[in-house]
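Undergrad: Next comes the structure file input24.cif, holding mmCIF, C-alpha atoms and all ligand atoms.
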```
data_model
#
loop_
_atom_site.group_PDB
_atom_site.id
_atom_site.type_symbol
_atom_site.label_atom_id
_atom_site.label_comp_id
_atom_site.auth_asym_id
_atom_site.auth_seq_id
_atom_site.Cartn_x
_atom_site.Cartn_y
_atom_site.Cartn_z
ATOM 1 C CA MET A 542 39.914 82.963 44.074
ATOM 2 C CA ALA A 543 37.210 80.277 44.001
ATOM 3 C CA ALA A 544 36.397 81.180 40.402
ATOM 4 C CA ALA A 545 40.087 80.948 39.443
ATOM 5 C CA ALA A 546 40.346 77.515 41.099
ATOM 6 C CA ALA A 547 37.241 76.352 39.217
ATOM 7 C CA ARG A 548 38.719 77.559 35.902
ATOM 8 C CA TRP A 549 41.941 75.762 36.739
ATOM 9 C CA ARG A 550 40.076 72.533 37.485
ATOM 10 C CA GLU A 551 38.241 72.880 34.185
ATOM 11 C CA ARG A 552 41.532 73.415 32.369
ATOM 12 C CA VAL A 553 43.006 70.299 34.014
ATOM 13 C CA ARG A 554 39.933 68.345 32.867
ATOM 14 C CA GLN A 555 40.469 69.536 29.281
ATOM 15 C CA VAL A 556 44.183 68.815 29.224
ATOM 16 C CA LEU A 557 43.843 65.464 30.983
ATOM 17 C CA PRO A 558 40.646 63.842 29.700
ATOM 18 C CA ASP A 559 41.663 60.496 31.188
ATOM 19 C CA ALA A 560 40.093 60.228 34.669
ATOM 20 C CA ALA A 561 42.786 57.937 36.094
ATOM 21 C CA LEU A 562 45.512 60.282 34.954
ATOM 22 C CA ARG A 563 43.636 63.241 36.418
ATOM 23 C CA ARG A 564 43.232 61.460 39.754
ATOM 24 C CA ARG A 565 46.919 60.760 39.853
ATOM 25 C CA PHE A 566 47.589 64.396 39.015
ATOM 26 C CA TRP A 567 45.344 65.668 41.826
ATOM 27 C CA ASP A 568 46.618 63.037 44.249
ATOM 28 C CA HIS A 569 50.074 64.353 43.887
ATOM 29 C CA HIS A 570 51.029 67.202 46.160
ATOM 30 C CA PHE A 571 52.209 70.096 44.158
ATOM 31 C CA ASP A 572 52.852 73.709 44.952
ATOM 32 C CA SER A 573 49.671 75.231 46.368
ATOM 33 C CA ALA A 574 50.006 78.402 44.284
ATOM 34 C CA ALA A 575 50.072 76.269 41.165
ATOM 35 C CA ALA A 576 47.210 74.203 42.581
ATOM 36 C CA SER A 577 44.966 77.225 42.763
ATOM 37 C CA GLY A 578 45.929 78.193 39.234
ATOM 38 C CA ALA A 579 45.037 81.758 40.087
ATOM 39 C CA GLY A 580 46.316 84.330 37.694
ATOM 40 C CA LEU A 581 47.983 81.878 35.312
ATOM 41 C CA GLU A 582 47.686 82.320 31.569
ATOM 42 C CA THR A 583 46.316 79.294 29.729
ATOM 43 C CA GLY A 584 49.708 78.434 28.234
ATOM 44 C CA THR A 585 51.407 78.744 31.619
ATOM 45 C CA GLN A 586 48.664 76.646 33.175
ATOM 46 C CA ASP A 587 49.389 73.898 30.669
ATOM 47 C CA LEU A 588 53.067 74.004 31.520
ATOM 48 C CA ALA A 589 52.249 73.823 35.231
ATOM 49 C CA ILE A 590 49.982 70.862 34.561
ATOM 50 C CA ALA A 591 52.674 69.081 32.561
ATOM 51 C CA ALA A 592 55.267 69.669 35.288
ATOM 52 C CA ALA A 593 52.939 68.489 38.040
ATOM 53 C CA LEU A 594 51.967 65.445 35.998
ATOM 54 C CA ASP A 595 55.619 64.530 35.486
ATOM 55 C CA ALA A 596 56.191 64.800 39.218
ATOM 56 C CA ALA A 597 53.071 62.743 39.913
ATOM 57 C CA GLN A 598 54.257 60.035 37.557
ATOM 58 C CA ALA A 599 57.714 59.983 39.092
ATOM 59 C CA ALA A 600 56.120 59.574 42.517
ATOM 60 C CA GLN A 601 53.992 56.649 41.313
ATOM 61 C CA PRO A 602 54.648 53.583 43.458
ATOM 62 C CA ARG A 603 56.698 51.282 41.279
ATOM 63 C CA GLY A 604 55.890 47.642 41.328
ATOM 64 C CA ALA A 605 58.521 45.396 42.809
ATOM 65 C CA VAL A 606 58.991 41.715 43.528
ATOM 66 C CA TRP A 607 60.510 40.021 46.568
ATOM 67 C CA LEU A 608 61.550 36.462 45.941
ATOM 68 C CA ILE A 609 61.076 35.013 49.388
ATOM 69 C CA GLY A 610 62.140 31.683 50.864
ATOM 70 C CA ALA A 611 59.332 30.230 52.980
ATOM 71 C CA GLY A 612 61.574 27.619 54.618
ATOM 72 C CA PRO A 613 60.614 23.951 55.004
ATOM 73 C CA GLY A 614 57.181 24.596 56.496
ATOM 74 C CA ASP A 615 57.270 25.657 60.137
ATOM 75 C CA PRO A 616 56.571 29.423 60.150
ATOM 76 C CA ASP A 617 59.028 29.863 63.006
ATOM 77 C CA LEU A 618 61.731 29.097 60.454
ATOM 78 C CA LEU A 619 60.875 32.162 58.350
ATOM 79 C CA THR A 620 63.434 34.939 58.479
ATOM 80 C CA LEU A 621 62.353 38.182 60.141
ATOM 81 C CA ARG A 622 62.655 39.919 56.800
ATOM 82 C CA ALA A 623 60.407 37.366 55.118
ATOM 83 C CA LEU A 624 57.793 37.856 57.825
ATOM 84 C CA GLN A 625 57.920 41.655 57.511
ATOM 85 C CA LEU A 626 57.530 41.486 53.754
ATOM 86 C CA LEU A 627 54.656 39.006 53.950
ATOM 87 C CA GLN A 628 52.870 41.489 56.173
ATOM 88 C CA GLN A 629 53.420 44.362 53.743
ATOM 89 C CA CYS A 630 52.851 42.865 50.315
ATOM 90 C CA ASP A 631 49.785 43.508 48.148
ATOM 91 C CA VAL A 632 49.800 40.143 46.462
ATOM 92 C CA VAL A 633 51.484 36.813 47.129
ATOM 93 C CA LEU A 634 52.229 34.202 44.490
ATOM 94 C CA TYR A 635 52.946 30.931 46.261
ATOM 95 C CA ASP A 636 53.989 27.390 45.451
ATOM 96 C CA ARG A 637 52.542 24.060 46.515
ATOM 97 C CA LEU A 638 55.291 23.518 49.090
ATOM 98 C CA VAL A 639 54.453 26.676 51.011
ATOM 99 C CA SER A 640 52.692 25.496 54.167
ATOM 100 C CA ASP A 641 49.293 26.730 55.355
ATOM 101 C CA ALA A 642 50.928 27.882 58.586
ATOM 102 C CA VAL A 643 53.252 30.177 56.592
ATOM 103 C CA LEU A 644 50.357 31.464 54.471
ATOM 104 C CA GLU A 645 48.543 32.436 57.648
ATOM 105 C CA ARG A 646 51.299 34.981 58.247
ATOM 106 C CA VAL A 647 50.511 36.826 55.016
ATOM 107 C CA ARG A 648 48.720 40.163 55.365
ATOM 108 C CA ARG A 649 44.985 39.429 55.635
ATOM 109 C CA ASP A 650 43.880 41.568 52.723
ATOM 110 C CA ALA A 651 46.689 40.617 50.351
ATOM 111 C CA GLU A 652 45.603 38.790 47.225
ATOM 112 C CA ARG A 653 46.732 35.138 47.280
ATOM 113 C CA VAL A 654 47.546 33.451 44.001
ATOM 114 C CA PHE A 655 48.395 29.754 43.970
ATOM 115 C CA VAL A 656 50.920 28.980 41.239
ATOM 116 C CA GLY A 657 51.955 25.487 42.311
ATOM 117 C CA LYS A 658 52.884 23.177 39.515
ATOM 118 C CA GLU A 659 50.471 20.368 40.225
ATOM 119 C CA SER A 660 50.903 17.085 38.458
ATOM 120 C CA GLY A 661 47.138 17.110 37.738
ATOM 121 C CA GLN A 662 45.364 18.825 34.832
ATOM 122 C CA HIS A 663 45.705 22.403 36.029
ATOM 123 C CA ARG A 664 49.362 22.607 35.320
ATOM 124 C CA ILE A 665 50.744 26.111 35.579
ATOM 125 C CA THR A 666 53.789 26.577 33.394
ATOM 126 C CA GLN A 667 56.849 28.551 34.356
ATOM 127 C CA ALA A 668 56.034 30.932 31.479
ATOM 128 C CA ARG A 669 52.620 31.604 33.022
ATOM 129 C CA ILE A 670 54.256 32.367 36.387
ATOM 130 C CA HIS A 671 56.498 34.890 34.621
ATOM 131 C CA GLU A 672 53.423 36.477 33.025
ATOM 132 C CA LEU A 673 51.684 36.765 36.389
ATOM 133 C CA LEU A 674 54.745 38.316 38.041
ATOM 134 C CA LEU A 675 54.973 40.920 35.267
ATOM 135 C CA HIS A 676 51.235 41.515 35.415
ATOM 136 C CA TYR A 677 51.058 42.251 39.151
ATOM 137 C CA ALA A 678 54.337 44.157 39.393
ATOM 138 C CA GLY A 679 53.369 46.095 36.242
ATOM 139 C CA ARG A 680 50.277 47.336 38.073
ATOM 140 C CA GLY A 681 52.534 48.932 40.664
ATOM 141 C CA LEU A 682 51.913 46.281 43.335
ATOM 142 C CA ARG A 683 54.337 44.903 45.900
ATOM 143 C CA VAL A 684 54.568 41.266 44.975
ATOM 144 C CA ALA A 685 55.773 38.539 47.333
ATOM 145 C CA ARG A 686 56.895 35.534 45.308
ATOM 146 C CA LEU A 687 56.915 32.879 47.996
ATOM 147 C CA LYS A 688 58.723 29.601 47.428
ATOM 148 C CA GLY A 689 59.318 26.594 49.657
ATOM 149 C CA GLY A 690 62.761 26.388 51.254
ATOM 150 C CA ASP A 691 65.188 28.798 49.613
ATOM 151 C CA PRO A 692 64.168 30.416 46.304
ATOM 152 C CA LEU A 693 67.571 29.834 44.744
ATOM 153 C CA VAL A 694 67.862 26.132 45.593
ATOM 154 C CA PHE A 695 65.961 24.043 43.051
ATOM 155 C CA GLY A 696 63.391 26.797 42.946
ATOM 156 C CA ARG A 697 63.779 28.260 39.446
ATOM 157 C CA GLY A 698 64.355 31.571 41.194
ATOM 158 C CA GLY A 699 67.132 32.425 38.751
ATOM 159 C CA GLU A 700 64.741 32.333 35.805
ATOM 160 C CA GLU A 701 62.224 34.582 37.525
ATOM 161 C CA ILE A 702 64.922 37.097 38.444
ATOM 162 C CA ALA A 703 66.119 37.219 34.826
ATOM 163 C CA VAL A 704 62.615 37.866 33.472
ATOM 164 C CA LEU A 705 61.910 40.619 36.010
ATOM 165 C CA ARG A 706 65.280 42.297 35.470
ATOM 166 C CA ALA A 707 64.744 42.273 31.712
ATOM 167 C CA ALA A 708 61.435 44.066 32.276
ATOM 168 C CA GLY A 709 63.105 46.658 34.527
ATOM 169 C CA ILE A 710 61.208 45.508 37.625
ATOM 170 C CA PRO A 711 63.172 45.663 40.872
ATOM 171 C CA VAL A 712 63.595 42.263 42.444
ATOM 172 C CA THR A 713 65.104 41.349 45.810
ATOM 173 C CA VAL A 714 65.888 37.866 47.081
ATOM 174 C CA VAL A 715 65.133 36.946 50.686
ATOM 175 C CA PRO A 716 66.807 33.638 51.526
ATOM 176 C CA GLY A 717 65.048 30.814 53.296
ATOM 177 C CA VAL A 718 65.990 27.646 55.160
ATOM 178 C CA THR A 719 66.389 25.066 52.430
ATOM 179 C CA ALA A 720 64.769 21.648 52.964
ATOM 180 C CA ALA A 721 68.155 19.934 53.444
ATOM 181 C CA LEU A 722 68.861 22.110 56.473
ATOM 182 C CA GLY A 723 65.349 21.741 57.865
ATOM 183 C CA ALA A 724 65.526 17.962 57.442
ATOM 184 C CA ALA A 725 68.995 17.622 58.974
ATOM 185 C CA ALA A 726 67.892 19.645 61.986
ATOM 186 C CA ALA A 727 64.688 17.646 62.326
ATOM 187 C CA ALA A 728 66.576 14.350 62.258
ATOM 188 C CA GLY A 729 69.530 15.566 64.313
ATOM 189 C CA ILE A 730 71.878 14.477 61.526
ATOM 190 C CA PRO A 731 75.010 16.617 61.156
ATOM 191 C CA LEU A 732 75.544 17.300 57.463
ATOM 192 C CA THR A 733 79.305 17.399 57.987
ATOM 193 C CA HIS A 734 81.245 15.733 60.766
ATOM 194 C CA ARG A 735 84.984 15.608 61.419
ATOM 195 C CA GLY A 736 86.427 12.449 59.943
ATOM 196 C CA VAL A 737 83.061 11.275 58.562
ATOM 197 C CA SER A 738 82.046 13.831 55.966
ATOM 198 C CA GLN A 739 83.945 16.796 54.631
ATOM 199 C CA SER A 740 81.481 18.071 52.087
ATOM 200 C CA VAL A 741 77.794 18.194 51.447
ATOM 201 C CA THR A 742 76.111 18.188 48.066
ATOM 202 C CA TYR A 743 72.522 19.151 47.313
ATOM 203 C CA VAL A 744 71.250 17.034 44.467
ATOM 204 C CA THR A 745 68.037 17.063 42.509
ATOM 205 C CA ALA A 746 67.214 13.645 41.199
ATOM 206 C CA MET A 747 63.888 14.578 39.733
ATOM 207 C CA GLY A 748 62.881 13.715 36.189
ATOM 208 C CA THR A 749 65.578 13.619 33.535
ATOM 209 C CA ALA A 750 68.006 15.538 35.771
ATOM 210 C CA ALA A 751 69.008 12.200 37.337
ATOM 211 C CA GLU A 752 70.634 10.946 34.131
ATOM 212 C CA GLN A 753 73.047 13.857 33.968
ATOM 213 C CA LEU A 754 74.386 13.390 37.496
ATOM 214 C CA ASP A 755 77.921 12.256 38.223
ATOM 215 C CA TRP A 756 76.919 9.158 40.196
ATOM 216 C CA ARG A 757 80.507 8.025 40.652
ATOM 217 C CA ALA A 758 81.333 11.267 42.471
ATOM 218 C CA LEU A 759 78.166 10.991 44.571
ATOM 219 C CA ALA A 760 79.095 7.427 45.570
ATOM 220 C CA ALA A 761 82.551 8.413 46.860
ATOM 221 C CA PRO A 762 83.227 8.152 50.625
ATOM 222 C CA LEU A 763 83.639 10.909 53.243
ATOM 223 C CA GLN A 764 80.809 13.072 52.002
ATOM 224 C CA THR A 765 77.105 13.682 52.398
ATOM 225 C CA ALA A 766 74.618 13.853 49.549
ATOM 226 C CA VAL A 767 71.157 15.279 50.103
ATOM 227 C CA PHE A 768 68.681 14.256 47.423
ATOM 228 C CA TYR A 769 65.695 16.501 46.808
ATOM 229 C CA MET A 770 63.394 14.016 45.196
ATOM 230 C CA GLY A 771 60.040 12.549 44.486
ATOM 231 C CA VAL A 772 59.460 9.541 46.739
ATOM 232 C CA ALA A 773 59.180 7.276 43.695
ATOM 233 C CA GLN A 774 62.801 8.019 42.758
ATOM 234 C CA LEU A 775 64.233 6.533 45.936
ATOM 235 C CA PRO A 776 64.949 2.967 44.680
ATOM 236 C CA ARG A 777 66.605 4.327 41.525
ATOM 237 C CA ILE A 778 68.869 6.650 43.516
ATOM 238 C CA VAL A 779 69.974 3.821 45.810
ATOM 239 C CA ALA A 780 70.634 1.519 42.842
ATOM 240 C CA ALA A 781 72.625 4.185 40.989
ATOM 241 C CA LEU A 782 74.854 4.870 44.017
ATOM 242 C CA MET A 783 75.508 1.179 44.668
ATOM 243 C CA ALA A 784 76.260 0.569 40.998
ATOM 244 C CA GLN A 785 79.072 3.122 41.360
ATOM 245 C CA GLY A 786 80.554 1.383 44.379
ATOM 246 C CA ALA A 787 78.825 2.953 47.376
ATOM 247 C CA PRO A 788 78.797 0.240 50.075
ATOM 248 C CA ALA A 789 75.455 -1.190 51.202
ATOM 249 C CA THR A 790 76.374 -0.215 54.753
ATOM 250 C CA ARG A 791 76.508 3.497 53.957
ATOM 251 C CA GLY A 792 74.064 5.414 56.122
ATOM 252 C CA ALA A 793 70.826 6.678 54.554
ATOM 253 C CA ALA A 794 67.798 8.448 55.960
ATOM 254 C CA VAL A 795 64.530 9.683 54.535
ATOM 255 C CA ILE A 796 62.965 12.701 56.172
ATOM 256 C CA GLU A 797 59.311 13.266 55.419
ATOM 257 C CA ARG A 798 57.556 16.605 56.047
ATOM 258 C CA ALA A 799 60.546 18.130 57.836
ATOM 259 C CA SER A 800 59.410 20.781 60.343
ATOM 260 C CA LEU A 801 55.744 20.137 59.514
ATOM 261 C CA PRO A 802 53.105 18.347 61.582
ATOM 262 C CA GLY A 803 53.490 14.600 61.047
ATOM 263 C CA GLU A 804 57.243 14.882 60.392
ATOM 264 C CA ARG A 805 58.939 11.465 60.213
ATOM 265 C CA VAL A 806 62.523 10.224 60.017
ATOM 266 C CA ILE A 807 63.254 6.797 58.573
ATOM 267 C CA ALA A 808 66.894 5.884 59.095
ATOM 268 C CA GLY A 809 68.846 2.907 57.806
ATOM 269 C CA SER A 810 71.506 2.150 55.225
ATOM 270 C CA LEU A 811 71.612 1.934 51.435
ATOM 271 C CA ALA A 812 70.816 -1.773 51.843
ATOM 272 C CA ASP A 813 67.426 -1.252 53.418
ATOM 273 C CA ILE A 814 66.317 2.397 53.092
ATOM 274 C CA ALA A 815 64.089 1.783 50.059
ATOM 275 C CA THR A 816 62.305 -1.115 51.773
ATOM 276 C CA ARG A 817 61.933 0.821 55.020
ATOM 277 C CA ALA A 818 60.538 3.864 53.240
ATOM 278 C CA ALA A 819 58.087 1.718 51.269
ATOM 279 C CA ALA A 820 56.958 -0.052 54.450
ATOM 280 C CA ALA A 821 56.375 3.317 56.104
ATOM 281 C CA ALA A 822 54.447 4.531 53.025
ATOM 282 C CA VAL A 823 56.471 7.747 52.870
ATOM 283 C CA GLN A 824 54.682 10.620 51.142
ATOM 284 C CA ALA A 825 55.898 13.863 49.573
ATOM 285 C CA PRO A 826 57.549 16.100 50.500
ATOM 286 C CA ALA A 827 60.496 13.989 51.539
ATOM 287 C CA LEU A 828 64.216 13.972 50.954
ATOM 288 C CA LEU A 829 67.055 11.508 51.277
ATOM 289 C CA ILE A 830 70.322 12.007 53.130
ATOM 290 C CA VAL A 831 73.093 9.599 52.156
ATOM 291 C CA GLY A 832 76.313 9.382 54.150
ATOM 292 C CA ASP A 833 77.729 7.879 57.297
ATOM 293 C CA VAL A 834 76.740 11.058 59.106
ATOM 294 C CA VAL A 835 73.377 9.308 59.461
ATOM 295 C CA TYR A 836 75.021 7.123 62.131
ATOM 296 C CA ARG A 837 75.878 10.286 64.062
ATOM 297 C CA ARG A 838 72.232 11.056 64.429
ATOM 298 C CA SER A 839 71.507 12.648 67.781
ATOM 299 C CA ARG A 840 67.737 12.217 67.789
ATOM 300 C CA GLU A 841 65.670 9.055 67.639
HETATM 301 N N1 LIG B 1 63.470 25.415 47.024
HETATM 302 C C1 LIG B 1 63.187 24.257 47.864
HETATM 303 C C2 LIG B 1 63.279 22.938 47.123
HETATM 304 C C3 LIG B 1 62.244 22.731 46.058
HETATM 305 S S1 LIG B 1 62.369 21.147 45.335
HETATM 306 C C4 LIG B 1 64.152 24.263 49.059
HETATM 307 O O1 LIG B 1 65.102 25.041 49.076
HETATM 308 O O2 LIG B 1 63.917 23.477 49.979
HETATM 309 C C5 LIG B 1 61.162 20.250 46.248
HETATM 310 C C6 LIG B 1 61.767 19.135 47.049
HETATM 311 O O3 LIG B 1 62.280 19.639 48.263
HETATM 312 C C7 LIG B 1 60.759 18.078 47.481
HETATM 313 O O4 LIG B 1 60.542 17.140 46.462
HETATM 314 C C8 LIG B 1 61.458 17.463 48.684
HETATM 315 O O5 LIG B 1 62.446 16.547 48.290
HETATM 316 C C9 LIG B 1 62.154 18.661 49.271
HETATM 317 N N2 LIG B 1 61.365 19.249 50.390
HETATM 318 C C10 LIG B 1 60.769 20.444 50.434
HETATM 319 N N3 LIG B 1 60.181 20.660 51.621
HETATM 320 C C11 LIG B 1 60.416 19.572 52.369
HETATM 321 C C12 LIG B 1 60.081 19.186 53.716
HETATM 322 N N4 LIG B 1 59.376 19.993 54.500
HETATM 323 N N5 LIG B 1 60.504 17.972 54.144
HETATM 324 C C13 LIG B 1 61.226 17.159 53.348
HETATM 325 N N6 LIG B 1 61.563 17.464 52.081
HETATM 326 C C14 LIG B 1 61.171 18.659 51.596
#
```
Would it be possible to restate this file's structure as structure tokens?
TA:
Amino acid sequence: MAAAAARWRERVRQVLPDAALRRRFWDHHFDSAAASGAGLETGTQDLAIAAALDAAQAAQPRGAVWLIGAGPGDPDLLTLRALQLLQQCDVVLYDRLVSDAVLERVRRDAERVFVGKESGQHRITQARIHELLLHYAGRGLRVARLKGGDPLVFGRGGEEIAVLRAAGIPVTVVPGVTAALGAAAAAGIPLTHRGVSQSVTYVTAMGTAAEQLDWRALAAPLQTAVFYMGVAQLPRIVAALMAQGAPATRGAAVIERASLPGERVIAGSLADIATRAAAAAVQAPALLIVGDVVYRRSRE
């Protein structure tokens, strides 16, 4: 029996010279009679090996990606599903806006890869992020792709999903609290309010995107516009809205670091919000809420 098992092992070594493949083959649980190889002809042994190898390959853990919203910063604003996945993943690819407090919730021995698009020299391109996602998932790992706020709101999540789907890698989206919601809650500003605002629009006014916006529509009354923005864009946004007829008295508030330590709310109107924000030396991340809902603010 022992001699038959030894012959069988030798045969497996011959048929599968690659050590990694052999390990996978042995790792896989197959029928113990076949495992002993006792009494099998060489040709039959090879068939048994092929069958077991197929089964082993089918049982291989397949890499997968979870596109996870990290929320605005406070880890208490993570969803339960996000938290569970962060504690199970093998590797996490995270953006600049993901807070340290959220990163602390990631499984201790998971690999952490920073893929923030810094404005400095070490600029990581979106194409490079796609490469890294394919690389880690292709190795069979469980990849958490962690993005600030919600991954599908100004997060380029759609592009990452498309790339992964094209490569046949399973991808699941886990929503997060987008910055607009975190900021509104922090400031106690209702985003809609009977008789004051009947709709809310999330706007990105970053870079060249600003030129393509319908400023006239954004300047119209009875609505709320939330601008995801770089702080430097604030004066231009205010000017563009007023040029399209938004009154100087319309409410406006800047929320800096919503839900994070040092959170600040600067409230005013279109007439003075840029000056107030400059005087307060507002830093990123910050966003702007425009609408008379700002006057319904419940927190000072
Ligand atoms: N996917 C993210 C948005 C990414 S765009 C989301 O759903 O929230 C980045 C912009 O979001 C920043 O420039 C800023 O305007 C806004 N932002 C993100 N986190 C913020 C925070 N904690 N406080 C205020 N603004 C924030």
Undergrad: Please return as a PyMOL selection string the residues found within 8 Å of ligand LIG 1 (chain B), counting only C-alpha atoms and all ligand atoms.
TA: chain A and resi 610+612-614+638+688-696+717-721+723-724+745+747+768-772+796-801+804+825-829
Undergrad: Tell me which residues the PyMOL selection byres (((chain A and resi 822) around 12) and not hetatm) grabs here, as a PyMOL selection string.
TA: chain A and resi 772-773+795+797+805+807+815-821+823-825+827
Undergrad: In terms of the shortest atom-to-atom distance over all atoms listed in the file, which of A:Val806, A:Gln785, A:Val737, A:Gln555 is closest to Asp833 in chain A?
TA: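 Of all the options, A:Val737 lies closest to Asp833 in chain A.
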Undergrad: Translate the PyMOL selection byres (((chain A and resi 677-683) around 7) and not hetatm) into a concrete residue list for this structure, as a PyMOL selection string.
TA: chain A and resi 602-606+630-632+673-676+684-685
Undergrad: Write out as a PyMOL selection string which residues come within 9 Å of Thr790 in chain A when counting only C-alpha atoms, dropping same-chain ones fewer than 6 positions away.
TA: chain A and resi 809-812+833
Undergrad: Could you please determine the separation between CA of Val835 in chain A and CA of Ser740 in chain A in Å, to one decimal place?
TA: 14.0 Å
Undergrad: My list of candidates is A:Leu608, A:Ala726, A:Ala642, A:Leu588. Which is closest to Thr713 in chain A when distances are computed with all atoms listed in the file?
TA: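 Nearest candidate to Thr713 in chain A out of A:Leu608, A:Ala726, A:Ala642, A:Leu588: A:Leu608.
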Undergrad: With distances taken over all atoms listed in the file, which residue among A:Val715, A:Val834, A:Leu634, A:Ala651 lies nearest Leu621 in chain A?
TA: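 Of all the options, A:Val715 lies closest to Leu621 in chain A.
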Undergrad: With the file shown as input, list the residues that the PyMOL selection byres (((chain A and resi 749-753) around 10) and not hetatm) selects, as a list of chain:residue names.
TA: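 This file gives the following for the PyMOL selection byres (((chain A and resi 749-753) around 10) and not hetatm): A:Val744, A:Thr745, A:Ala746, A:Met747, A:Gly748, A:Leu754, A:Asp755, A:Trp756, A:Met770, A:Gln774, A:Arg777, A:Ile778, A:Ala781.
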Undergrad: So which residues touch range 757-764 of chain A within 7 Å, counting only C-alpha atoms, skipping near sequence neighbours fewer than 5 positions away, as JSON, numbers by chain?
TA: {"A": [737, 738, 739, 740, 741, 782, 785, 786, 787, 832]}
Undergrad: Need the neighbours of (49.6, 70.0, 34.0): which residues are at most 9 Å away, counting all atoms listed in the file, as a list in words?
TA: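 Residues found, by chain and rising number: Arg552, Val553, Val556, Leu557, Phe566, Gln586, Asp587, Leu588, Ala589, Ile590, Ala591, Ala592, Ala593, Leu594 and Asp595 of chain A.
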Undergrad: Between CA of Arg653 in chain A and CA of Ala611 in chain A, what distance in Å does the model show, to one decimal?
TA: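 According to the coordinates, CA of Arg653 in chain A and CA of Ala611 in chain A are separated by 14.7 Å.
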Undergrad: Expressed in Å to a single decimal, how great is the separation between CA of Val654 in chain A and CA of Tyr635 in chain A?
TA: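 The value is 6.4 Å.
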Undergrad: Which one is closest to Ala727 in chain A: A:Met783, A:Leu618, A:Ile670, A:Leu705? Count only C-alpha atoms.
TA: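 Ranked by minimum distance to Ala727 in chain A, first place goes to A:Leu618.
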Undergrad: Between A:His671, A:Leu687, A:Thr585, A:Pro731, which is the closest to Ala707 in chain A once you count all atoms listed in the file?
TA: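 When distances to Ala707 in chain A are compared using all atoms listed in the file, the smallest one comes from A:His671.
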